[in-house]
>>> print(open('structure-v4.txt').read())   # compact mmCIF, C-alpha atoms
# COMPACT_ATOMS: atom_id res chain seq x y z
CA MET A 1 24.08 12.14 6.59
CA ALA A 2 24.53 12.84 10.26
CA GLY A 3 26.59 10.60 12.54
CA LEU A 4 26.71 6.85 12.94
CA HIS A 5 22.98 6.59 13.62
CA PRO A 6 21.03 8.62 11.05
CA VAL A 7 17.40 9.20 11.95
CA VAL A 8 15.01 7.72 9.40
CA VAL A 9 11.22 8.02 9.47
CA LEU A 10 9.30 5.64 7.22
CA THR A 11 5.62 5.12 6.50
CA GLY A 12 4.00 1.83 5.60
CA ALA A 13 6.22 0.16 8.16
CA THR A 14 4.10 -3.00 8.53
CA GLY A 15 3.82 -3.60 4.78
CA ALA A 16 6.17 -5.84 2.80
CA ILE A 17 8.45 -3.12 1.44
CA GLY A 18 8.30 -0.96 4.57
CA SER A 19 9.21 -3.81 6.91
CA ALA A 20 12.02 -4.99 4.63
CA THR A 21 13.42 -1.46 4.45
CA ALA A 22 13.19 -0.99 8.20
CA ALA A 23 15.12 -4.21 8.76
CA VAL A 24 17.92 -3.08 6.44
CA LEU A 25 18.13 0.34 8.08
CA ALA A 26 18.25 -1.21 11.54
CA ARG A 27 21.09 -3.51 10.49
CA ARG A 28 22.98 -0.50 9.15
CA GLY A 29 22.72 1.27 12.49
CA ALA A 30 20.03 3.85 11.74
CA ARG A 31 17.63 5.12 14.33
CA VAL A 32 14.30 4.19 12.76
CA LEU A 33 10.85 5.57 13.51
CA LEU A 34 8.15 3.27 12.11
CA LEU A 35 4.86 4.80 10.98
CA ALA A 36 1.80 2.66 10.28
CA ARG A 37 -1.80 2.28 11.32
CA PRO A 38 -2.21 1.25 14.96
CA SER A 39 -2.00 -2.54 15.22
CA ASP A 40 -0.31 -5.36 17.10
CA ARG A 41 1.94 -5.77 14.04
CA LEU A 42 3.47 -2.34 14.60
CA GLY A 43 4.40 -3.11 18.19
CA ALA A 44 5.74 -6.51 17.21
CA MET A 45 7.95 -4.94 14.55
CA VAL A 46 9.48 -2.53 17.04
CA LYS A 47 10.31 -5.44 19.34
CA LYS A 48 11.63 -7.60 16.50
CA LEU A 49 13.97 -4.87 15.23
CA GLY A 50 15.42 -4.18 18.64
CA GLY A 51 13.21 -1.52 20.14
CA GLU A 52 14.63 -2.24 23.58
CA ASP A 53 17.84 -0.34 22.66
CA LYS A 54 15.78 2.79 21.93
CA ARG A 55 16.96 3.01 18.30
CA ILE A 56 13.64 1.67 16.97
CA GLY A 57 10.40 3.43 17.77
CA SER A 58 6.93 3.86 16.33
CA VAL A 59 4.24 6.45 15.78
CA PRO A 60 0.75 5.29 14.80
CA VAL A 61 -0.78 7.15 11.86
CA ASP A 62 -3.59 6.80 9.36
CA LEU A 63 -2.33 8.59 6.26
CA SER A 64 -5.85 8.80 4.83
CA LEU A 65 -6.82 11.20 7.63
CA MET A 66 -5.12 14.58 7.72
CA SER A 67 -5.95 14.98 11.41
CA SER A 68 -3.97 11.80 12.11
CA VAL A 69 -1.08 13.02 9.95
CA ARG A 70 -0.91 16.28 11.90
CA SER A 71 -0.82 14.41 15.21
CA ALA A 72 1.90 12.09 13.93
CA ALA A 73 4.04 14.98 12.70
CA LYS A 74 3.89 16.60 16.13
CA GLU A 75 4.86 13.32 17.80
CA ILE A 76 7.79 12.82 15.40
CA SER A 77 9.11 16.30 16.12
CA ARG A 78 8.88 15.65 19.86
CA THR A 79 10.48 12.22 19.59
CA VAL A 80 13.47 12.68 17.30
CA GLY A 81 13.94 16.36 16.48
CA HIS A 82 16.11 16.29 13.36
CA VAL A 83 15.15 13.82 10.62
CA ASP A 84 17.88 12.70 8.22
CA ALA A 85 15.51 10.89 5.86
CA LEU A 86 11.78 10.51 5.36
CA LEU A 87 10.64 7.51 3.33
CA ASN A 88 7.10 7.81 2.01
CA ILE A 89 6.47 4.11 1.37
CA ALA A 90 2.83 3.56 2.35
CA ALA A 91 0.31 3.09 -0.44
CA SER A 92 -3.26 1.92 -0.82
CA PHE A 93 -5.21 0.25 -3.62
CA SER A 94 -8.98 -0.04 -3.42
CA SER A 95 -11.18 -1.76 -5.99
CA GLU A 96 -14.19 0.26 -4.87
CA TYR A 97 -14.80 3.96 -4.27
CA ARG A 98 -14.39 4.71 -0.58
CA LYS A 99 -14.47 8.10 1.08
CA THR A 100 -12.73 9.02 4.32
CA LYS A 101 -14.61 10.81 7.07
CA GLU A 102 -12.79 13.97 5.95
CA GLY A 103 -14.38 13.66 2.50
CA PHE A 104 -11.49 12.40 0.33
CA GLU A 105 -11.33 9.27 -1.81
CA VAL A 106 -9.17 6.85 0.19
CA MET A 107 -6.41 6.19 -2.41
CA PHE A 108 -6.07 9.89 -3.17
CA ALA A 109 -5.82 10.64 0.54
CA THR A 110 -3.44 7.81 1.47
CA ASN A 111 -1.15 7.92 -1.55
CA HIS A 112 -0.92 11.66 -2.17
CA LEU A 113 -2.53 13.97 0.39
CA GLY A 114 -1.12 12.22 3.46
CA PRO A 115 2.51 12.03 2.28
CA PHE A 116 2.30 15.61 0.98
CA LEU A 117 1.10 16.92 4.34
CA LEU A 118 3.50 14.82 6.41
CA THR A 119 6.51 15.90 4.36
CA ASN A 120 5.61 19.56 4.63
CA LEU A 121 4.91 19.41 8.36
CA LEU A 122 8.36 17.87 8.88
CA ARG A 123 10.07 20.70 6.97
CA ASP A 124 11.95 22.07 9.96
CA SER A 125 12.98 18.59 11.11
CA LEU A 126 14.35 17.78 7.65
CA ALA A 127 16.07 21.13 7.15
CA GLY A 128 19.82 20.84 6.81
CA ARG A 129 20.60 17.98 4.41
CA GLY A 130 17.52 15.86 5.05
CA ARG A 131 16.27 13.55 2.30
CA VAL A 132 12.74 12.71 1.17
CA ILE A 133 12.26 9.51 -0.80
CA THR A 134 8.79 8.77 -2.16
CA LEU A 135 7.94 5.31 -3.44
CA THR A 136 5.97 5.47 -6.66
CA ALA A 137 5.68 4.16 -10.23
CA PRO A 138 6.38 5.79 -13.62
CA SER A 139 2.72 6.56 -14.21
CA SER A 140 1.64 8.90 -17.00
CA THR A 141 -2.00 9.03 -15.88
CA ARG A 142 -3.34 12.58 -15.93
CA VAL A 143 -3.96 13.99 -12.46
CA ASP A 144 -7.40 15.60 -12.36
CA ILE A 145 -8.31 16.40 -8.76
CA GLY A 146 -11.93 17.07 -9.68
CA LYS A 147 -12.16 13.59 -11.17
CA LEU A 148 -10.39 12.06 -8.17
CA MET A 149 -13.04 13.58 -5.91
CA ASP A 150 -15.97 12.40 -8.08
CA LYS A 151 -17.49 9.01 -7.26
CA LYS A 152 -19.10 8.78 -10.69
CA ALA A 153 -15.73 9.17 -12.41
CA PHE A 154 -14.02 6.52 -10.26
CA THR A 155 -12.16 3.60 -11.77
CA ALA A 156 -9.72 1.78 -9.53
CA LEU A 157 -6.71 1.53 -11.84
CA ASP A 158 -7.03 5.09 -13.18
CA THR A 159 -7.35 6.51 -9.68
CA PHE A 160 -4.37 4.52 -8.44
CA GLY A 161 -2.34 5.55 -11.50
CA ALA A 162 -3.22 9.20 -10.96
CA THR A 163 -2.00 9.06 -7.35
CA LYS A 164 1.32 7.58 -8.51
CA ALA A 165 1.71 10.33 -11.11
CA ALA A 166 0.89 12.82 -8.35
CA ASN A 167 3.79 11.37 -6.33
CA LEU A 168 6.14 12.25 -9.17
CA LEU A 169 4.75 15.74 -9.66
CA PHE A 170 5.01 16.32 -5.90
CA THR A 171 8.61 15.08 -5.76
CA PHE A 172 9.85 17.27 -8.60
CA GLU A 173 8.15 20.38 -7.23
CA LEU A 174 9.45 19.58 -3.74
CA ALA A 175 13.00 19.25 -5.07
CA ARG A 176 12.87 22.86 -6.27
CA ARG A 177 11.08 24.32 -3.27
CA ALA A 178 13.20 22.48 -0.67
CA LYS A 179 16.56 23.79 -1.84
CA ARG A 180 16.12 26.77 0.47
CA TRP A 181 16.14 24.36 3.44
CA GLU A 182 18.90 22.13 1.99
CA VAL A 183 16.50 19.22 1.66
CA ARG A 184 16.79 16.69 -1.19
CA ALA A 185 13.79 14.95 -2.75
CA ASN A 186 13.73 11.93 -5.04
CA ALA A 187 11.23 9.30 -6.17
CA CYS A 188 11.84 5.57 -6.39
CA HIS A 189 10.11 2.92 -8.49
CA PRO A 190 10.88 -0.47 -6.89
CA GLY A 191 9.62 -2.51 -9.81
CA LEU A 192 7.11 -5.28 -9.20
CA VAL A 193 7.48 -6.44 -5.62
CA ARG A 194 5.56 -9.14 -3.76
CA SER A 195 3.32 -7.34 -1.32
CA GLU A 196 -0.26 -7.08 -0.15
CA LEU A 197 -0.85 -3.80 -2.01
CA MET A 198 -2.91 -5.29 -4.88
CA ARG A 199 -4.93 -7.73 -2.79
CA GLU A 200 -8.16 -6.04 -3.95
CA ALA A 201 -7.18 -6.08 -7.63
CA TRP A 202 -8.89 -8.40 -10.09
CA ALA A 203 -7.76 -12.03 -9.93
CA PRO A 204 -5.85 -12.03 -13.27
CA ILE A 205 -3.83 -8.98 -12.15
CA ARG A 206 -3.02 -10.63 -8.82
CA PHE A 207 -1.99 -13.86 -10.57
CA ILE A 208 0.33 -12.19 -13.08
CA SER A 209 1.76 -9.92 -10.40
CA ARG A 210 2.70 -12.89 -8.23
CA LEU A 211 4.41 -14.59 -11.17
CA VAL A 212 6.69 -11.69 -12.10
CA SER A 213 7.22 -9.94 -8.77
CA ARG A 214 10.42 -10.20 -6.76
CA PRO A 215 10.76 -10.46 -2.97
CA PRO A 216 10.78 -7.11 -1.10
CA ASP A 217 14.31 -7.54 0.29
CA ARG A 218 16.02 -5.97 -2.74
CA ALA A 219 13.66 -3.01 -2.65
CA GLY A 220 14.52 -2.56 1.02
CA GLU A 221 18.24 -2.45 0.23
CA ASP A 222 17.69 0.07 -2.56
CA LEU A 223 15.55 2.38 -0.43
CA ALA A 224 18.05 2.24 2.42
CA ASP A 225 20.81 3.23 -0.02
CA LEU A 226 18.81 6.20 -1.28
CA ALA A 227 18.03 7.24 2.30
CA ILE A 228 21.43 7.08 3.99
CA SER A 229 24.23 6.27 1.53
CA PRO A 230 26.80 9.05 0.99
CA ALA A 231 26.56 8.23 -2.73
CA HIS A 232 23.19 10.02 -2.85
CA GLU A 233 24.05 12.94 -0.57
CA GLY A 234 23.49 15.67 -3.16
CA THR A 235 20.97 13.92 -5.39
CA THR A 236 17.65 15.69 -5.86
CA GLY A 237 14.77 15.83 -8.33
CA TRP A 238 15.41 12.36 -9.77
CA LEU A 239 13.35 9.25 -10.38
CA PHE A 240 15.11 5.98 -9.65
CA LYS A 241 14.31 2.38 -10.52
CA GLY A 242 16.05 0.71 -7.64
CA THR A 243 19.18 2.85 -7.40
CA ARG A 244 19.47 3.52 -11.15
CA ARG A 245 18.27 6.87 -12.46
CA ILE A 246 15.55 6.68 -15.11
CA ASP A 247 13.61 9.27 -17.06
CA PRO A 248 10.13 10.08 -15.70
CA PRO A 249 7.08 10.19 -17.98
CA LYS A 250 7.06 13.43 -19.97
CA SER A 251 3.64 14.31 -18.57
CA THR A 252 5.15 14.60 -15.07
CA ALA A 253 8.01 16.89 -16.15
CA ASP A 254 5.84 19.96 -16.78
CA GLN A 255 6.78 22.49 -14.10
CA GLN A 256 3.49 24.36 -14.39
CA VAL A 257 1.54 21.16 -13.79
CA GLN A 258 3.79 20.38 -10.82
CA SER A 259 3.25 23.84 -9.34
CA ASP A 260 -0.51 23.80 -9.93
CA LEU A 261 -0.91 20.42 -8.25
CA TRP A 262 1.17 21.57 -5.28
CA LYS A 263 -0.97 24.68 -4.75
CA ARG A 264 -4.25 22.79 -5.10
CA THR A 265 -3.08 20.07 -2.74
CA ALA A 266 -1.89 22.63 -0.17
CA ASP A 267 -5.37 24.16 -0.22
CA LEU A 268 -7.08 20.79 0.22
CA VAL A 269 -5.01 19.86 3.29
CA GLU A 270 -5.09 23.43 4.65
CA LEU A 271 -1.31 23.63 4.77
CA GLY A 272 -1.09 27.40 5.12
CA ASN A 273 2.46 28.68 5.62
CA ALA A 274 3.73 25.57 7.40
CA GLY A 275 5.39 23.83 4.47
CA PHE A 276 8.05 24.17 1.82
>>> encode(input="structure-v4.txt", output="structure tokens")
Amino acid sequence: MAGLHPVVVLTGATGAIGSATAAVLARRGARVLLLARPSDRLGAMVKKLGGEDKRIGSVPVDLSLMSSVRSAAKEISRTVGHVDALLNIAASFSSEYRKTKEGFEVMFATNHLGPFLLTNLLRDSLAGRGRVITLTAPSSTRVDIGKLMDKKAFTALDTFGATKAANLLFTFELARRAKRWEVRANACHPGLVRSELMREAWAPIRFISRLVSRPPDRAGEDLADLAISPAHEGTTGWLFKGTRRIDPPKSTADQQVQSDLWKRTADLVELGNAGF
């Protein structure tokens, strides 16, 4: 990890886990670039974390829109150059089928396509010991892109679960592909954390989640460790719960499935030769 002020880019910066992680990173001296949808909250966070000293900045992005992701990636490259760590934290849960103006179901776009494209477009910025940490869950839901694109096949929990499994498949394939650029890739399951993510879930799910969830502060500490601690310098291709390595679902360990999803996703976002 480079210097006293490693450069960390994180998505979902105005959410519970993203804001907690940003606060930890700022306290540890990192230069942090906050990514989130344009809002007053984003500007307020920059100011709260000490944006006046130029170590905290922001780039607005809507991860459900690939055009917005491309614009954000260009702005990041202009703003910070080398990126020591990219934290893909943002996630979306929708109880109803919604399609973006680019034609993708919104959870599929926000949770998988957007982070996939952003990570690949930042390849050159991450090259040379950069780290990619993707927040996810140990989902064993089968990833069927045709089903994810089909309104008639939509169910909220299955779609959300498939995007989390896609995060794992993406991470493990990235870990292999990125070795050429000396980039490390890992996934992190934070456990149940109090956040606004499941606000559209059914009432019983929201109630139980509130009862058993922990505050986001611990998740922020864990993600900061994975992003900048020397202890994780050479770690790649792992799934963590907090900072403890755990085994991923067997269904996500199939290298052919990982490769096939990568290629299909690259086609959907029109990645071309720009990525890993």
>>> closest_residue(input="structure-v4.txt", among="A:Ala153, A:Leu117, A:Ala253, A:Leu126", to="A:Glu270", atoms="all atoms listed in the file")
A:Leu117
>>> residues_near_point(input="structure-v4.txt", point="(4.8, 12.4, -4.6)", cutoff="7 Å", atoms="all atoms listed in the file", output="ChimeraX atom specification")
/A:112,116,134,166-171
>>> residues_around(input="structure-v4.txt", residues="stretch 218-235 of chain A", least_positions_apart="4", cutoff="10 Å", atoms="all atoms listed in the file", output="PyMOL selection string")
chain A and resi 1-2+5-9+16-26+28+30+84-87+89+129-135+175+182-193+214+240-244
>>> atom_distance(input="structure-v4.txt", atom1="atom CA of A:Leu122", atom2="atom CA of A:Glu173")
16.3 Å
>>> atom_distance(input="structure-v4.txt", atom1="atom CA of A:Leu157", atom2="atom CA of A:Glu96")
10.3 Å
>>> decode(input="structure-v4.txt", residues="stretch 33-61 of chain A", atoms="N, CA and C atoms", output="compact mmCIF listing (two decimals), in the first residue's frame")
# COMPACT_ATOMS: atom_id res chain seq x y z
N LEU A 33 -12.01 8.97 -2.10
CA LEU A 33 -12.88 9.50 -3.14
C LEU A 33 -14.23 8.81 -3.00
N LEU A 34 -15.25 9.58 -2.65
CA LEU A 34 -16.58 9.06 -2.36
C LEU A 34 -17.44 9.04 -3.62
N LEU A 35 -18.00 7.88 -3.93
CA LEU A 35 -18.88 7.75 -5.09
C LEU A 35 -20.29 7.42 -4.61
N ALA A 36 -21.25 8.17 -5.11
CA ALA A 36 -22.66 7.95 -4.78
C ALA A 36 -23.50 8.76 -5.77
N ARG A 37 -24.79 8.51 -5.75
CA ARG A 37 -25.67 9.30 -6.60
C ARG A 37 -25.62 10.77 -6.17
N PRO A 38 -25.77 11.68 -7.13
CA PRO A 38 -25.73 13.11 -6.80
C PRO A 38 -26.79 13.45 -5.75
N SER A 39 -26.39 14.10 -4.68
CA SER A 39 -27.32 14.50 -3.64
C SER A 39 -26.61 15.46 -2.69
N ASP A 40 -27.41 16.16 -1.89
CA ASP A 40 -26.84 17.03 -0.86
C ASP A 40 -26.06 16.22 0.16
N ARG A 41 -26.48 14.96 0.37
CA ARG A 41 -25.80 14.10 1.35
C ARG A 41 -24.34 13.86 0.97
N LEU A 42 -24.09 13.73 -0.33
CA LEU A 42 -22.73 13.47 -0.78
C LEU A 42 -21.83 14.68 -0.47
N GLY A 43 -22.30 15.87 -0.78
CA GLY A 43 -21.52 17.06 -0.48
C GLY A 43 -21.31 17.25 1.01
N ALA A 44 -22.34 16.95 1.78
CA ALA A 44 -22.24 17.07 3.24
C ALA A 44 -21.22 16.09 3.81
N MET A 45 -21.16 14.90 3.23
CA MET A 45 -20.19 13.92 3.71
C MET A 45 -18.76 14.37 3.46
N VAL A 46 -18.52 14.93 2.29
CA VAL A 46 -17.18 15.44 1.98
C VAL A 46 -16.77 16.48 3.01
N LYS A 47 -17.68 17.39 3.31
CA LYS A 47 -17.39 18.45 4.28
C LYS A 47 -17.18 17.87 5.67
N LYS A 48 -18.02 16.93 6.06
CA LYS A 48 -17.94 16.33 7.39
C LYS A 48 -16.61 15.59 7.60
N LEU A 49 -16.13 14.92 6.55
CA LEU A 49 -14.91 14.12 6.67
C LEU A 49 -13.63 14.93 6.45
N GLY A 50 -13.78 16.21 6.20
CA GLY A 50 -12.60 17.05 6.09
C GLY A 50 -12.19 17.34 4.68
N GLY A 51 -13.16 17.56 3.81
CA GLY A 51 -12.86 17.81 2.40
C GLY A 51 -12.02 19.05 2.17
N GLU A 52 -12.02 19.95 3.15
CA GLU A 52 -11.26 21.19 2.97
C GLU A 52 -9.75 20.95 2.89
N ASP A 53 -9.26 19.77 3.38
CA ASP A 53 -7.82 19.52 3.31
C ASP A 53 -7.44 18.75 2.04
N LYS A 54 -8.41 18.59 1.14
CA LYS A 54 -8.20 18.01 -0.18
C LYS A 54 -7.98 16.48 -0.16
N ARG A 55 -8.04 15.87 1.04
CA ARG A 55 -7.89 14.41 1.08
C ARG A 55 -9.21 13.68 0.82
N ILE A 56 -10.33 14.39 0.95
CA ILE A 56 -11.64 13.79 0.74
C ILE A 56 -12.30 14.47 -0.45
N GLY A 57 -12.70 13.68 -1.42
CA GLY A 57 -13.37 14.24 -2.59
C GLY A 57 -14.55 13.37 -2.98
N SER A 58 -15.24 13.75 -4.02
CA SER A 58 -16.41 12.98 -4.44
C SER A 58 -16.57 12.99 -5.95
N VAL A 59 -17.18 11.94 -6.44
CA VAL A 59 -17.56 11.84 -7.85
C VAL A 59 -18.98 11.29 -7.90
N PRO A 60 -19.93 12.03 -8.42
CA PRO A 60 -21.29 11.51 -8.51
C PRO A 60 -21.39 10.40 -9.56
N VAL A 61 -22.16 9.36 -9.24
CA VAL A 61 -22.33 8.25 -10.18
C VAL A 61 -23.63 7.53 -9.87
